[in-house]
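Structure file my_file.cif (mmCIF, C-alpha atoms) follows.
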data_input
loop_
_atom_site.label_atom_id
_atom_site.label_comp_id
_atom_site.auth_asym_id
_atom_site.auth_seq_id
_atom_site.Cartn_x
_atom_site.Cartn_y
_atom_site.Cartn_z
CA MET A 18 0.00 0.00 0.00
CA LYS A 19 1.21 3.46 -0.97
CA ILE A 20 1.00 6.21 1.54
CA LEU A 21 0.31 9.63 0.02
CA SER A 22 1.87 12.49 1.84
CA ARG A 23 0.17 15.82 1.84
CA ILE A 24 2.44 18.73 0.93
CA LEU A 25 1.31 22.10 2.17
CA ILE A 26 2.23 25.03 -0.10
CA PRO A 27 2.10 28.40 1.57
CA PHE A 28 -0.36 30.79 -0.09
CA VAL A 29 0.48 34.49 -0.27
CA LEU A 30 -2.31 36.96 -0.99
CA VAL A 31 -1.15 39.69 -3.30
CA SER A 32 -3.20 42.83 -3.78
CA CYS A 33 -3.60 43.83 -7.41
CA GLY A 34 -3.74 47.29 -8.83
CA GLY A 35 -4.65 50.49 -6.93
CA GLU A 36 -2.56 53.59 -6.16
CA ASP A 37 -0.15 53.76 -3.31
CA SER A 38 -2.07 55.58 -0.64
CA GLY A 39 1.00 55.91 1.52
CA GLY A 40 2.53 58.72 -0.54
CA ASP A 41 2.24 62.36 0.37
CA GLY A 42 1.44 63.58 -3.15
CA ASN A 43 -2.09 64.45 -4.22
CA PRO A 44 -2.82 63.19 -7.75
CA ASN A 45 -5.59 65.80 -8.11
CA PRO A 46 -4.48 68.94 -6.29
CA GLU A 47 -6.91 71.78 -5.92
CA PRO A 48 -6.25 74.56 -8.47
CA VAL A 49 -4.76 77.77 -7.11
CA PRO A 50 -7.46 80.49 -7.08
CA ALA A 51 -6.83 83.35 -9.50
CA PRO A 52 -5.88 86.65 -7.85
CA GLN A 53 -8.45 89.44 -7.78
CA ALA A 54 -7.91 93.02 -8.98
CA ALA A 55 -6.81 95.61 -6.44
CA THR A 56 -8.69 98.87 -5.83
CA LEU A 57 -6.50 101.98 -6.05
CA ILE A 58 -6.45 104.48 -3.18
CA PHE A 59 -3.63 107.03 -3.61
CA PRO A 60 -2.50 109.05 -5.57
CA ASP A 61 -6.06 110.07 -6.45
CA ASN A 62 -7.37 109.92 -10.00
CA ASN A 63 -7.11 113.17 -12.01
CA GLU A 64 -5.81 115.08 -8.97
CA GLU A 65 -2.64 116.78 -7.83
CA CYS A 66 -0.47 114.68 -5.53
CA ASN A 67 0.82 117.01 -2.82
CA GLU A 68 1.93 114.33 -0.36
CA GLY A 69 5.33 112.73 -0.05
CA GLU A 70 8.93 113.55 0.80
CA ASN A 71 10.71 116.08 -1.42
CA LEU A 72 14.11 114.65 -2.30
CA SER A 73 15.15 117.60 -4.48
CA ASP A 74 13.61 120.30 -6.68
CA GLU A 75 13.19 117.62 -9.35
CA GLU A 76 12.18 114.53 -7.39
CA SER A 77 9.98 113.37 -4.50
CA ARG A 78 9.18 110.06 -2.83
CA VAL A 79 5.48 109.16 -2.87
CA THR A 80 3.71 106.26 -1.13
CA PHE A 81 1.38 104.49 -3.55
CA ARG A 82 -1.51 102.71 -1.81
CA TRP A 83 -4.29 100.33 -2.82
CA ASN A 84 -6.70 97.91 -1.13
CA ALA A 85 -5.31 94.41 -0.70
CA SER A 86 -6.95 91.99 -3.14
CA GLN A 87 -8.08 88.41 -2.56
CA ASN A 88 -5.93 85.39 -3.45
CA THR A 89 -2.89 87.64 -3.95
CA ASP A 90 0.71 87.13 -2.81
CA SER A 91 2.43 90.08 -4.49
CA TYR A 92 1.78 93.21 -6.55
CA THR A 93 3.47 95.02 -9.42
CA VAL A 94 2.92 98.76 -9.78
CA ASN A 95 3.10 99.95 -13.41
CA LEU A 96 3.92 103.65 -13.62
CA VAL A 97 3.98 105.71 -16.84
CA ASN A 98 5.58 109.16 -17.10
CA LEU A 99 3.11 110.90 -19.43
CA ASN A 100 5.66 113.53 -20.47
CA THR A 101 8.14 110.97 -21.80
CA ASN A 102 5.78 107.96 -22.20
CA THR A 103 8.31 105.80 -20.34
CA THR A 104 7.20 102.97 -18.05
CA SER A 105 8.72 101.83 -14.76
CA GLN A 106 7.70 99.14 -12.27
CA ALA A 107 7.86 98.54 -8.55
CA SER A 108 7.11 95.33 -6.65
CA ALA A 109 5.44 94.90 -3.26
CA THR A 110 4.13 92.13 -1.01
CA THR A 111 1.89 94.54 0.92
CA ASN A 112 -0.68 97.05 -0.32
CA GLU A 113 1.70 100.01 -0.54
CA VAL A 114 5.12 100.93 -1.89
CA ASP A 115 7.34 104.04 -1.90
CA ILE A 116 8.46 105.26 -5.33
CA ALA A 117 10.71 108.21 -6.22
CA ILE A 118 9.12 110.18 -9.10
CA GLN A 119 9.66 113.47 -10.92
CA ARG A 120 8.02 116.61 -9.53
CA GLY A 121 5.68 118.73 -11.63
CA THR A 122 5.04 115.73 -13.87
CA PRO A 123 1.89 113.85 -14.93
CA TYR A 124 1.76 110.11 -14.33
CA GLU A 125 -0.49 107.13 -15.00
CA TRP A 126 -0.50 104.09 -12.71
CA SER A 127 -2.09 100.69 -12.19
CA VAL A 128 -1.48 97.61 -10.04
CA VAL A 129 -1.17 93.98 -11.17
CA SER A 130 -2.09 91.28 -8.61
CA ARG A 131 -0.13 88.01 -8.67
CA ALA A 132 -0.32 84.68 -6.83
CA SER A 133 2.16 81.83 -6.37
CA GLY A 134 1.23 78.65 -8.22
CA THR A 135 -0.68 80.30 -11.08
CA ASN A 136 0.19 82.42 -14.11
CA GLU A 137 -3.12 84.24 -13.93
CA THR A 138 -3.02 87.90 -12.95
CA ALA A 139 -5.55 90.69 -12.40
CA THR A 140 -5.07 94.38 -13.21
CA SER A 141 -6.66 97.30 -11.41
CA ALA A 142 -8.19 100.37 -13.00
CA THR A 143 -5.73 102.94 -14.39
CA TRP A 144 -5.50 106.32 -12.64
CA ARG A 145 -3.73 109.54 -13.58
CA PHE A 146 -2.27 112.27 -11.36
CA TYR A 147 0.11 115.23 -11.32
CA ASN A 148 3.00 115.08 -8.87
CA GLN A 149 3.26 118.49 -7.24
CA GLY A 150 6.14 120.64 -8.43
CA PRO A 151 7.93 123.60 -6.86
CA GLY A 152 6.16 126.88 -7.53
CA VAL A 153 3.60 125.38 -9.92
CA GLU A 154 0.34 127.35 -9.75
CA ASN A 155 -1.38 125.88 -12.79
CA TYR A 156 -0.82 122.47 -14.33
CA ALA A 157 -1.00 121.50 -17.97
CA PRO A 158 -3.95 119.23 -18.87
CA PHE A 159 -3.51 115.48 -18.90
CA PRO A 160 -2.96 114.10 -22.42
CA ALA A 161 -6.29 113.19 -24.00
CA VAL A 162 -7.30 109.52 -24.16
CA ALA A 163 -9.09 107.94 -27.13
CA VAL A 164 -12.57 106.60 -26.36
CA SER A 165 -13.88 105.75 -29.83
CA PRO A 166 -12.71 104.29 -32.08
CA ALA A 167 -10.54 102.43 -29.59
CA ARG A 168 -6.88 102.44 -30.46
CA GLY A 169 -5.85 99.70 -32.88
CA THR A 170 -9.39 98.52 -33.66
CA THR A 171 -10.88 97.63 -37.03
CA ILE A 172 -14.35 99.05 -37.65
CA ASN A 173 -16.92 98.69 -40.40
CA ALA A 174 -17.37 102.30 -41.43
CA SER A 175 -17.57 104.43 -44.52
CA GLY A 176 -18.77 108.01 -44.75
CA MET A 177 -18.99 110.00 -41.52
CA LEU A 178 -17.49 108.72 -38.29
CA THR A 179 -17.43 110.31 -34.84
CA LEU A 180 -14.12 110.56 -33.00
CA GLU A 181 -14.50 110.66 -29.22
CA TRP A 182 -11.87 111.32 -26.57
CA GLU A 183 -11.57 112.09 -22.86
CA GLY A 184 -9.75 115.10 -21.42
CA ASN A 185 -8.95 115.92 -17.79
CA ASP A 186 -7.17 118.72 -15.96
CA VAL A 187 -6.20 119.08 -12.28
CA ASP A 188 -7.23 122.77 -12.45
CA ASP A 189 -10.41 121.95 -14.40
CA ASP A 190 -9.79 124.78 -16.87
CA ILE A 191 -9.62 123.10 -20.29
CA VAL A 192 -10.86 125.53 -22.93
CA GLU A 193 -10.33 123.71 -26.24
CA TYR A 194 -8.98 120.76 -28.18
CA GLU A 195 -7.20 120.74 -31.52
CA ILE A 196 -7.83 117.59 -33.56
CA PHE A 197 -5.29 116.35 -36.10
CA PHE A 198 -6.47 113.58 -38.43
CA GLY A 199 -5.47 111.76 -41.60
CA THR A 200 -3.78 108.75 -43.20
CA ASP A 201 -0.28 109.99 -42.30
CA SER A 202 1.18 108.05 -39.35
CA ASN A 203 2.08 111.40 -37.76
CA PRO A 204 -1.03 113.44 -38.61
CA GLN A 205 -0.35 117.14 -39.19
CA THR A 206 -3.68 118.24 -40.67
CA LEU A 207 -5.71 120.26 -38.18
CA ILE A 208 -9.34 119.41 -38.87
CA ALA A 209 -11.04 121.14 -35.92
CA THR A 210 -10.66 123.29 -32.83
CA THR A 211 -13.46 122.57 -30.39
CA SER A 212 -14.49 122.71 -26.75
CA GLU A 213 -16.40 119.44 -27.17
CA THR A 214 -14.94 115.94 -26.82
CA THR A 215 -16.31 114.61 -30.12
CA GLU A 216 -15.70 115.47 -33.77
CA GLU A 217 -17.10 114.03 -37.01
CA VAL A 218 -14.68 113.01 -39.75
CA ALA A 219 -15.07 111.54 -43.23
CA VAL A 220 -13.58 108.07 -43.77
CA SER A 221 -13.36 105.52 -46.59
CA SER A 222 -13.26 101.74 -46.37
CA ASN A 223 -9.98 99.79 -46.43
CA GLN A 224 -7.92 102.60 -44.94
CA VAL A 225 -5.75 103.11 -41.85
CA TYR A 226 -6.38 106.44 -40.11
CA PHE A 227 -4.33 108.23 -37.46
CA TRP A 228 -5.38 111.00 -35.10
CA ARG A 229 -4.11 112.96 -32.11
CA VAL A 230 -5.46 115.61 -29.76
CA LEU A 231 -3.79 118.74 -28.42
CA THR A 232 -5.48 119.97 -25.23
CA ARG A 233 -5.23 123.62 -24.13
CA ASP A 234 -6.23 125.16 -20.79
CA ALA A 235 -7.14 128.72 -19.80
CA GLU A 236 -3.52 129.55 -18.94
CA GLY A 237 -2.28 128.49 -22.36
CA ASN A 238 -0.76 125.23 -21.09
CA THR A 239 -1.03 122.38 -23.58
CA SER A 240 -0.58 118.62 -23.68
CA GLN A 241 -0.23 116.30 -26.64
CA SER A 242 -1.95 112.94 -26.74
CA GLU A 243 -0.46 109.78 -28.15
CA ILE A 244 -1.18 109.04 -31.80
CA PHE A 245 -4.23 106.80 -32.12
CA GLU A 246 -4.95 104.61 -35.11
CA PHE A 247 -7.79 102.51 -36.46
CA LYS A 248 -8.66 100.59 -39.63
CA THR A 249 -11.83 100.68 -41.69
#

Written as structure tokens, how would this file's structure read?
Amino acid sequence: MKILSRILIPFVLVSCGGEDSGGDGNPNPEPVPAPQAATLIFPDNNEECNEGENLSDEESRVTFRWNASQNTDSYTVNLVNLNTNTTSQASATTNEVDIAIQRGTPYEWSVVSRASGTNETATSATWRFYNQGPGVENYAPFPAVAVSPARGTTINASGMLTLEWEGNDVDDDIVEYEIFFGTDSNPQTLIATTSETTEEVAVSSNQVYFWRVLTRDAEGNTSQSEIFEFKT
């Protein structure tokens, strides 16, 4: 008689599939919220800035301030000298920053909100101001800004078209605008002198037009806008 021996084979249970739950990484991280736009506080829009520390007859240090925005880690202040049309920047991790700027000079500024972990940004409104200068009793107007047609746009128009712009002055004494218009990239043809902020012009289709505005105040001070262009 044969005796059969029973051989026991150990059985190992192996788990199949599934992600390693012991790691620290999150395969589906929550997206970083986009930063929100800041609200500007100072220098005030279309006003004279008479605060700050005078560093010399030509320069002063001004504290730019804005309301802190949500989901924001840092800010970039964009500052444009409207006399030279040059741009400078300053960075901040709080809602204010000191910047040395020219006295007796018009500026334009805005704030960009940024957040770590995302490339999205948010930009505030754009404000303009005059930095107070020594012995200045009357400031030149701010350069006019195109309203319509917006700069660089293409419009479906032929015949009469209305140009519209915005003008501002710290002293609130603008008396007239001179409008230069044409197909020359540096328009020299004066088409109107007006106290209004609109002017009708004749246009043809398939053309590029350029225009600029000279603003004059009651004291004879003037400012020159940028050259605006549009296509028909």

Using the chain letters and numbers from the file, which residues does the PyMOL selection byres ((chain A and resi 78-84) around 9) grab, as number ranges by chain?
-> A: 55-60, 66, 68-72, 76-77, 85-86, 94, 112-119, 128, 148

List the neighbours of Val49 (chain A) out to 12 Å using all atoms listed in the file; skip same-chain residues closer than 3 positions along the sequence, and give me the result as a PyMOL selection string.
-> chain A and resi 46+52+88-90+131-138

Report as a VMD selection string the full result of the PyMOL selection byres ((chain A and resi 240) around 9) when it is applied to this structure.
-> chain A and resid 100 157 to 161 230 to 233 238 to 239 241 to 242

Calculate, to one decimal in Å, the centre and edge lengths of the box along x, y and z of the file that holds all listed atoms of region 90-98 of chain A with 6 Å of margin on each side, and present them as AutoDock Vina command-line options.
--center_x 3.1 --center_y 98.1 --center_z -10.0 --size_x 16.9 --size_y 34.0 --size_z 26.3

Point out the residue among A:Asn155, A:Ser141, A:Ser212, A:Asn45 with the least atom-to-atom distance to Gly237 (chain A), counting only C-alpha atoms.
->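 For Gly237 (chain A), the nearest of the given residues is A:Asn155.
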
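Residue nearest Thr249 (chain A), chosen from A:Ile172, A:Val187, A:Ile196, A:Ala139 and counting all atoms listed in the file: A:Ile172.
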
Find the residues near region 223-228 of chain A: any atom within 7 Å, counting all atoms listed in the file, skip ones fewer than 5 places away on the same chain, and give them as number ranges by chain.
-> A: 197-202, 204, 244-249

Go ahead and compute the interatomic distance for CA of Val162 (chain A) and CA of Glu243 (chain A), in Å to one decimal.
-> 7.9 Å

Neighbourhood query: residues within 12 Å of (7.0, 100.8, -18.5), file coordinates, counting only C-alpha atoms; return as a PyMOL selection string.
-> chain A and resi 93-99+101-107+124-127
